[in-house]
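Trainee: For reference, the file model31.cif (mmCIF, C-alpha atoms and all ligand atoms) is included below:
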```
data_my_file
#
loop_
_atom_site.label_atom_id
_atom_site.label_comp_id
_atom_site.auth_asym_id
_atom_site.auth_seq_id
_atom_site.Cartn_x
_atom_site.Cartn_y
_atom_site.Cartn_z
CA MET A 1 60.20 166.70 -36.76
CA SER A 2 61.12 167.17 -40.39
CA ALA A 3 63.74 169.99 -40.28
CA ARG A 4 67.32 168.84 -40.03
CA LEU A 5 68.53 168.59 -36.44
CA LEU A 6 72.28 168.49 -37.00
CA ASP A 7 74.82 170.82 -38.54
CA TRP A 8 77.56 168.66 -39.93
CA ARG A 9 80.98 169.48 -41.36
CA ALA A 10 82.34 167.12 -44.00
CA GLU A 11 85.35 166.20 -41.83
CA ASP A 12 83.14 165.12 -38.91
CA SER A 13 82.11 161.97 -40.79
CA ALA A 14 85.58 160.45 -40.66
CA HIS A 15 86.17 161.49 -37.04
CA PHE A 16 82.86 160.44 -35.51
CA GLY A 17 83.52 157.89 -32.74
CA ARG A 18 87.27 158.09 -33.34
CA ARG A 19 88.14 161.36 -31.61
CA PRO A 20 86.32 163.82 -29.33
CA LEU A 21 84.10 166.06 -31.44
CA ALA A 22 82.25 169.32 -30.76
CA LEU A 23 79.19 169.67 -33.00
CA ARG A 24 75.96 171.67 -33.36
CA HIS A 25 72.33 170.58 -33.12
CA ARG A 26 68.84 172.11 -33.02
CA ALA A 27 67.17 169.68 -30.57
CA HIS A 28 67.31 172.40 -27.89
CA LEU A 29 64.49 174.18 -29.76
CA SER A 30 62.14 171.23 -29.22
CA PRO A 31 59.15 171.86 -26.94
CA LEU A 32 60.18 168.64 -25.17
CA PHE A 33 62.65 170.75 -23.17
CA SER A 34 60.44 173.65 -22.06
CA ASP A 35 60.10 174.04 -18.29
CA ALA A 36 56.50 172.81 -18.50
CA ALA A 37 57.57 169.70 -20.45
CA LEU A 38 60.42 168.97 -18.05
CA ILE A 39 58.08 169.29 -15.06
CA ARG A 40 55.69 166.84 -16.73
CA LEU A 41 58.61 164.51 -17.46
CA ILE A 42 59.80 164.52 -13.83
CA ASP A 43 56.25 163.76 -12.68
CA ALA A 44 55.90 160.97 -15.25
CA THR A 45 59.29 159.28 -14.73
CA PRO A 46 59.16 156.26 -12.40
CA ARG A 47 61.18 157.05 -9.28
CA ALA A 48 63.39 154.02 -9.91
CA LYS A 49 64.61 155.78 -13.07
CA ILE A 50 65.50 159.03 -11.31
CA HIS A 51 68.85 159.71 -9.74
CA VAL A 52 69.38 162.88 -7.75
CA ASN A 53 72.86 163.63 -6.52
CA THR A 54 74.81 166.27 -4.73
CA MET A 55 78.48 166.88 -4.13
CA PRO A 56 80.24 169.75 -2.35
CA ARG A 57 81.16 172.45 -4.86
CA ASN A 58 84.75 172.47 -6.10
CA VAL A 59 85.35 168.89 -4.94
CA ARG A 60 86.59 166.38 -7.49
CA ASP A 61 86.67 163.31 -5.29
CA PRO A 62 83.95 160.97 -6.61
CA ARG A 63 83.57 159.42 -3.16
CA GLN A 64 81.85 162.65 -2.09
CA TRP A 65 79.08 162.04 -4.65
CA ARG A 66 75.87 161.48 -2.67
CA GLU A 67 72.60 159.90 -3.73
CA GLY A 68 69.26 161.33 -2.62
CA ASP A 69 65.54 160.99 -3.23
CA LEU A 70 62.69 163.30 -4.22
CA GLY A 71 60.25 162.34 -1.44
CA LYS A 72 56.74 163.29 -2.59
CA LEU A 73 57.79 166.51 -4.34
CA SER A 74 56.13 167.61 -7.57
CA GLY A 75 58.19 168.15 -10.68
CA ALA A 76 57.79 171.92 -10.27
CA ALA A 77 59.18 171.78 -6.71
CA VAL A 78 62.11 169.65 -7.89
CA MET A 79 62.91 172.19 -10.64
CA ALA A 80 62.79 175.00 -8.06
CA ALA A 81 65.18 173.11 -5.77
CA VAL A 82 67.65 172.51 -8.62
CA ALA A 83 67.54 176.21 -9.60
CA LYS A 84 68.54 177.39 -6.13
CA GLY A 85 70.53 174.41 -4.84
CA ASN A 86 73.44 172.15 -5.52
CA LEU A 87 71.81 169.21 -7.26
CA TRP A 88 72.24 166.97 -10.26
CA LEU A 89 68.96 165.40 -11.47
CA HIS A 90 69.25 162.50 -13.90
CA LEU A 91 66.08 161.18 -15.58
CA ARG A 92 67.12 157.84 -17.04
CA ARG A 93 65.80 156.33 -20.26
CA VAL A 94 63.22 159.04 -20.93
CA HIS A 95 62.31 157.43 -24.27
CA GLU A 96 60.68 154.65 -22.22
CA THR A 97 58.65 157.18 -20.21
CA ASP A 98 57.45 159.29 -23.14
CA PRO A 99 57.76 158.05 -26.75
CA ALA A 100 58.18 161.65 -27.96
CA TYR A 101 61.74 161.58 -26.58
CA GLY A 102 62.27 158.27 -28.36
CA GLU A 103 61.22 159.88 -31.66
CA LEU A 104 63.76 162.65 -31.11
CA LEU A 105 66.45 160.07 -30.25
CA ASP A 106 65.70 158.12 -33.42
CA ALA A 107 65.71 161.30 -35.51
CA LEU A 108 69.12 162.35 -34.15
CA PHE A 109 70.69 158.96 -34.79
CA GLY A 110 69.01 158.73 -38.19
CA GLU A 111 70.80 161.94 -39.17
CA ILE A 112 74.11 160.71 -37.78
CA ALA A 113 73.69 157.57 -39.93
CA ASP A 114 73.04 159.81 -42.95
CA HIS A 115 76.41 161.49 -42.38
CA VAL A 116 78.63 158.61 -41.22
CA PRO A 117 79.07 155.86 -43.84
CA GLY A 118 78.40 152.40 -42.36
CA PHE A 119 77.14 153.75 -39.02
CA ARG A 120 74.46 151.43 -37.68
CA SER A 121 73.46 151.97 -34.05
CA TYR A 122 71.14 150.02 -31.76
CA ARG A 123 70.14 149.79 -28.09
CA ARG A 124 70.04 153.61 -28.06
CA SER A 125 68.90 155.47 -24.96
CA MET A 126 68.35 159.04 -23.85
CA SER A 127 68.60 160.55 -20.36
CA VAL A 128 67.77 164.11 -19.35
CA LEU A 129 69.97 166.06 -16.95
CA VAL A 130 68.75 169.07 -14.97
CA SER A 131 71.55 170.47 -12.84
CA SER A 132 72.31 173.38 -10.56
CA PRO A 133 74.65 176.30 -11.17
CA LYS A 134 78.30 175.33 -10.63
CA MET A 135 77.53 171.63 -10.10
CA SER A 136 80.05 169.21 -11.50
CA VAL A 137 80.34 165.54 -12.30
CA ALA A 138 83.52 163.81 -11.21
CA TYR A 139 85.97 162.05 -13.50
CA HIS A 140 84.49 158.79 -14.79
CA SER A 141 84.20 156.51 -17.80
CA ASP A 142 81.07 155.01 -19.41
CA VAL A 143 80.77 151.73 -21.27
CA PRO A 144 78.48 152.43 -24.32
CA GLY A 145 78.94 155.11 -27.00
CA GLN A 146 78.26 158.49 -25.40
CA SER A 147 77.14 161.95 -26.47
CA LEU A 148 76.27 165.03 -24.41
CA TRP A 149 73.74 167.47 -25.87
CA GLN A 150 73.29 170.94 -24.40
CA VAL A 151 69.79 172.41 -24.25
CA ARG A 152 70.10 175.41 -21.90
CA GLY A 153 72.86 176.94 -19.78
CA ASN A 154 76.60 176.54 -20.13
CA LYS A 155 78.98 173.80 -19.10
CA ARG A 156 82.50 172.69 -19.79
CA ALA A 157 83.31 169.07 -20.58
CA TYR A 158 86.84 167.69 -20.22
CA VAL A 159 87.43 164.55 -22.28
CA TYR A 160 90.57 162.45 -21.76
CA PRO A 161 92.16 159.69 -23.85
CA ALA A 162 90.86 156.16 -23.19
CA ALA A 163 94.33 154.84 -22.33
CA ALA A 164 96.76 154.81 -19.41
CA PRO A 165 97.47 156.85 -17.33
CA PHE A 166 94.00 158.41 -17.83
CA LEU A 167 92.30 155.03 -17.98
CA PRO A 168 94.53 152.13 -16.84
CA GLN A 169 93.57 148.97 -18.70
CA ARG A 170 92.75 147.15 -15.46
CA ALA A 171 90.41 149.99 -14.39
CA LEU A 172 88.60 149.84 -17.74
CA GLU A 173 88.21 146.07 -17.43
CA ASN A 174 86.81 146.43 -13.92
CA ILE A 175 84.26 148.99 -15.15
CA VAL A 176 83.24 146.75 -18.06
CA LEU A 177 82.95 143.75 -15.70
CA LYS A 178 81.05 145.92 -13.18
CA ARG A 179 83.61 145.10 -10.50
CA ASP A 180 83.98 148.82 -9.80
CA ARG A 181 81.62 151.74 -10.06
CA ASP A 182 82.30 153.80 -13.16
CA THR A 183 83.48 156.60 -10.90
CA ASP A 184 86.31 154.63 -9.32
CA LEU A 185 88.99 156.05 -11.56
CA PRO A 186 92.20 157.74 -10.48
CA TYR A 187 92.08 161.42 -11.44
CA ASN A 188 95.08 163.71 -11.36
CA ALA A 189 94.87 167.44 -12.13
CA SER A 190 97.93 167.05 -14.37
CA PHE A 191 95.71 165.04 -16.78
CA ASP A 192 93.93 168.27 -17.76
CA ALA A 193 96.85 169.36 -19.94
CA GLN A 194 95.96 166.55 -22.35
CA ALA A 195 92.18 166.83 -22.12
CA THR A 196 90.01 167.96 -25.00
CA VAL A 197 88.04 170.83 -23.48
CA VAL A 198 84.59 171.48 -24.95
CA ASP A 199 82.55 174.51 -23.88
CA LEU A 200 78.89 173.77 -24.42
CA GLU A 201 76.08 176.26 -24.83
CA ALA A 202 72.53 175.73 -26.08
CA GLY A 203 72.72 173.90 -29.44
CA ASP A 204 76.16 172.38 -28.85
CA TRP A 205 76.88 168.71 -28.45
CA ALA A 206 79.95 166.64 -27.86
CA THR A 207 80.72 163.00 -28.52
CA TRP A 208 83.85 160.95 -27.91
CA PRO A 209 85.30 157.49 -28.47
CA ARG A 210 84.23 154.57 -26.31
CA ALA A 211 85.29 154.68 -22.65
CA CYS A 212 87.05 158.08 -22.83
CA PRO A 213 87.12 159.34 -19.22
CA HIS A 214 85.40 162.70 -18.80
CA ARG A 215 84.21 165.19 -16.24
CA VAL A 216 81.79 168.09 -16.52
CA VAL A 217 81.60 171.47 -14.75
CA ASN A 218 78.54 173.74 -14.92
CA GLU A 219 78.90 177.47 -15.17
CA ASP A 220 76.91 179.67 -12.79
CA CYS A 221 73.51 178.87 -14.32
CA VAL A 222 70.94 176.10 -14.38
CA ASN A 223 71.84 173.54 -17.03
CA ILE A 224 69.43 171.45 -19.08
CA SER A 225 71.19 168.75 -21.09
CA PHE A 226 70.57 165.28 -22.32
CA THR A 227 72.88 162.38 -22.88
CA THR A 228 72.53 159.64 -25.43
CA GLU A 229 74.03 156.18 -25.36
CA HIS A 230 74.31 153.83 -28.29
CA TRP A 231 75.95 150.63 -29.43
CA THR A 232 77.42 149.65 -32.77
CA ASP A 233 79.11 146.42 -33.85
CA ASP A 234 82.51 148.11 -33.37
CA LEU A 235 81.61 149.32 -29.86
CA ARG A 236 80.34 145.86 -28.98
CA ALA A 237 83.52 144.19 -30.26
CA GLY A 238 85.70 146.56 -28.22
CA TYR A 239 83.55 145.93 -25.17
CA ALA A 240 83.80 142.14 -25.59
CA VAL A 241 87.60 142.29 -25.88
CA ASP A 242 87.91 144.42 -22.73
CA TYR A 243 85.46 142.10 -20.96
CA ALA A 244 87.46 139.01 -21.91
CA ASN A 245 90.77 140.71 -21.02
CA GLY A 246 89.35 141.38 -17.56
CA LEU A 247 88.36 137.72 -17.16
CA LEU A 248 91.71 136.43 -18.46
CA ARG A 249 93.84 138.88 -16.50
CA PRO A 250 94.35 136.65 -13.42
CA TRP A 251 96.08 134.13 -15.74
CA LEU A 252 97.85 136.59 -17.99
CA GLY A 253 99.22 138.95 -15.36
CA GLY A 254 99.56 142.68 -14.97
CA ARG A 255 100.88 143.49 -18.46
CA ASP A 256 98.77 145.32 -21.01
CA LEU A 257 96.70 142.92 -23.11
CA SER A 258 95.88 143.41 -26.77
CA ARG A 259 92.71 145.45 -27.35
CA LYS A 260 92.54 144.51 -31.04
CA THR A 261 89.03 143.65 -32.21
CA HIS A 262 90.16 141.65 -35.27
CA GLY A 263 92.11 138.41 -35.69
CA PRO A 264 92.14 134.99 -34.02
CA ALA A 265 92.83 136.22 -30.45
CA ALA A 266 89.88 138.61 -30.66
CA LEU A 267 87.62 135.77 -31.87
CA VAL A 268 88.61 133.68 -28.83
CA LYS A 269 87.88 136.67 -26.58
CA PHE A 270 84.42 137.16 -28.14
CA GLY A 271 83.75 133.50 -27.24
CA VAL A 272 85.07 133.91 -23.69
CA ALA A 273 83.01 137.08 -23.10
CA GLY A 274 79.85 135.53 -24.60
CA ALA A 275 80.09 132.32 -22.58
CA HIS A 276 80.72 134.22 -19.36
CA LYS A 277 77.76 136.54 -19.99
CA VAL A 278 75.40 133.60 -20.55
CA LEU A 279 76.65 131.85 -17.39
CA THR A 280 76.54 134.87 -15.11
CA GLY A 281 73.15 135.88 -16.56
CA GLN A 282 71.77 132.50 -15.50
CA LEU A 283 73.30 132.86 -12.03
CA ALA A 284 72.04 136.44 -11.62
CA ARG A 285 68.46 135.35 -12.30
CA ARG A 286 68.64 133.11 -9.21
CA ARG A 287 69.89 135.90 -6.95
CA PRO A 288 67.87 138.81 -5.49
CA PRO A 289 68.97 142.28 -6.72
CA ARG A 290 71.91 143.64 -4.79
CA LEU A 291 71.55 146.67 -2.54
CA ASP A 292 73.92 149.21 -3.88
CA LEU A 293 72.59 152.76 -3.46
CA ASN A 294 72.89 154.59 -0.17
CA ILE A 295 70.27 157.37 -0.04
CA ASP A 296 71.15 160.00 2.55
CA PHE A 297 69.43 163.24 1.51
CA ARG A 298 66.02 164.42 0.31
CA VAL A 299 65.39 167.26 -2.13
CA ASP A 300 63.76 170.23 -0.40
CA PRO A 301 63.24 173.52 -2.25
CA ALA A 302 63.02 175.38 1.08
CA ALA A 303 66.51 174.29 2.23
CA PRO A 304 69.58 176.41 1.35
CA GLY A 305 71.31 173.75 -0.81
CA GLY A 306 67.98 172.46 -2.16
CA PHE A 307 68.09 169.36 0.08
CA VAL A 308 68.08 168.13 3.68
CA ASP A 309 70.02 165.24 5.19
CA ILE A 310 67.96 162.19 6.12
CA ALA A 311 68.67 158.93 7.95
CA PRO A 312 70.46 156.81 5.33
CA TYR A 313 68.70 153.87 3.74
CA ARG A 314 69.62 151.53 0.94
CA VAL A 315 67.76 150.72 -2.26
CA ALA A 316 68.23 147.97 -4.81
CA ARG A 317 68.83 148.88 -8.41
FE FE A 401 79.47 160.13 -18.41
#
```
Show the structure stored in the file as structure tokens.

Mentor:
Amino acid sequence: MSARLLDWRAEDSAHFGRRPLALRHRAHLSPLFSDAALIRLIDATPRAKIHVNTMPRNVRDPRQWREGDLGKLSGAAVMAAVAKGNLWLHLRRVHETDPAYGELLDALFGEIADHVPGFRSYRRSMSVLVSSPKMSVAYHSDVPGQSLWQVRGNKRAYVYPAAAPFLPQRALENIVLKRDRDTDLPYNASFDAQATVVDLEAGDWATWPRACPHRVVNEDCVNISFTTEHWTDDLRAGYAVDYANGLLRPWLGGRDLSRKTHGPAALVKFGVAGAHKVLTGQLARRRPPRLDLNIDFRVDPAAPGGFVDIAPYRVAR
């Protein structure tokens, strides 16, 4: 793809990764996102890399978020169920399933690097989201750098500051240390007054600083989007400091700990986080994977909500 994919304003360069940004792209014109391509992608994606979720409409409690499976449905049947139902389909790491998505991912981040001096990203990934009219994603925070790219349909993203009360330091540390699910964050409707609200239509994208809590609400139409994740040295340093703060917290108490990524204390924290990662990595290799997903519905294009309840079972991820 040789044409430029991003529209970029001069001021975006200084703000990228430092504040929530609403930007424009042309990736939505790619044939990779036609219905036929998406059907092929669903069929090609290993089931272990597919999440399908539902949640009652107009509910913001993340504990109501349910995990389902696709049974033996074809990609076309899954698309039909999403169009009529109340479903959120998440195809993880599509660049690993089809290198064409990886080429698009590299092209997008190549252009970002052209615009942002010193920006060097790695461990990038792309996931595709196909979601029903009026579906929403509850308030949560992600660990890597995040962007949300709109391909079709309309949605509204609410992005909140990555600081208390929106993101208490202890909650962030627990997410980084994987002690909590990323959805276990306290949400209060009063937070919305300080959210950056981004309305996304085809060709829009949004990106925000590391760990900013966010939630997303679809308008009354099927939404095709993709998300990208990336790491930079700065993101990794911030992650290591939060990781070490979480480990040190039992000794240092309930007060807020420094989140600085420079200076002697930060260097000690990089060492603490690195040593812990090596140790727990060695321990994890001796343990079987933990069972952590409870599957309790199956997608069904004939059912009113696009799914039927099934006897719950657990899968390891
Ligand atoms: Fe997210």

Trainee: Using all atoms listed in the file, pick whichever of A:Ser131, A:Gln146, A:Thr207, A:Ser225 has the shortest atom-to-atom distance to ligand FE 401 (chain A).

Mentor: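 When distances to ligand FE 401 (chain A) are compared using all atoms listed in the file, the smallest one comes from A:Gln146.
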
Trainee: If we count all atoms listed in the file, what is near range 10-19 of chain A at a cut-off of 7 Å, once residues fewer than 5 positions away on the same chain are taken out, given as a VMD selection string?

Mentor: chain A and resid 115 to 116 208 to 209

Trainee: Using all atoms listed in the file, determine which residues fall within 8 Å of ligand FE 401 (chain A), then list them as a PyMOL selection string.

Mentor: chain A and resi 140-142+146+213-215

Trainee: Might you pull out every residue within 6 Å of range 295-297 of chain A, with all atoms listed in the file counted and same-chain residues fewer than 5 positions away left off, and present them as number ranges by chain?

Mentor: A: 67-68, 308-310, 312-314

Trainee: What is the CA of Gly306 in chain A to CA of Ala81 in chain A distance in Å?

Mentor: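 Spanning CA of Gly306 in chain A to CA of Ala81 in chain A is a straight-line distance of 4.6 Å.
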
Trainee: Closest to Leu6 in chain A among A:Val137, A:Ala163, A:Ala76, A:Leu108, using only C-alpha atoms?

Mentor: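 Between A:Val137, A:Ala163, A:Ala76, A:Leu108, the residue approaching Leu6 in chain A most closely is A:Leu108.
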
Trainee: Any idea what's packed within 8 Å of range 195-199 of chain A, counting only C-alpha atoms, ignoring anything in its chain fewer than 2 positions away? Could you give it as a ChimeraX atom specification?

Mentor: /A:20,22,154-161,191-193,201,206

Trainee: Taking (64.0, 173.6, -6.2) in the file's coordinates as the center, which residues reach within 9 Å of it, counting all atoms listed in the file, put as a ChimeraX atom specification?

Mentor: /A:76-85,299-303,306-307

Trainee: Using all atoms listed in the file for the distances, tell me which of A:Tyr122, A:Trp65, A:Tyr243, A:Trp251 is nearest to Ala273 in chain A.

Mentor: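 Among A:Tyr122, A:Trp65, A:Tyr243, A:Trp251, it is A:Tyr243 that comes nearest to Ala273 in chain A.
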
Trainee: For a test of reading the model, state the distance in Å between CA of Ala237 in chain A and CA of His95 in chain A, rounded to one decimal.

Mentor: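 Atom-to-atom, CA of Ala237 in chain A to CA of His95 in chain A, that is 25.7 Å.
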
Trainee: Which of these residues is nearest to Arg124 in chain A, using only C-alpha atoms: A:Trp88, A:Phe166, A:Trp231, A:Phe33?

Mentor: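 So, comparing all the options, the nearest one is A:Trp231.
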
Trainee: Report, in Å with one decimal, the straight-line distance from CA of His51 in chain A to CA of Gly71 in chain A.

Mentor: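 Going from CA of His51 in chain A over to CA of Gly71 in chain A, I get 12.2 Å.
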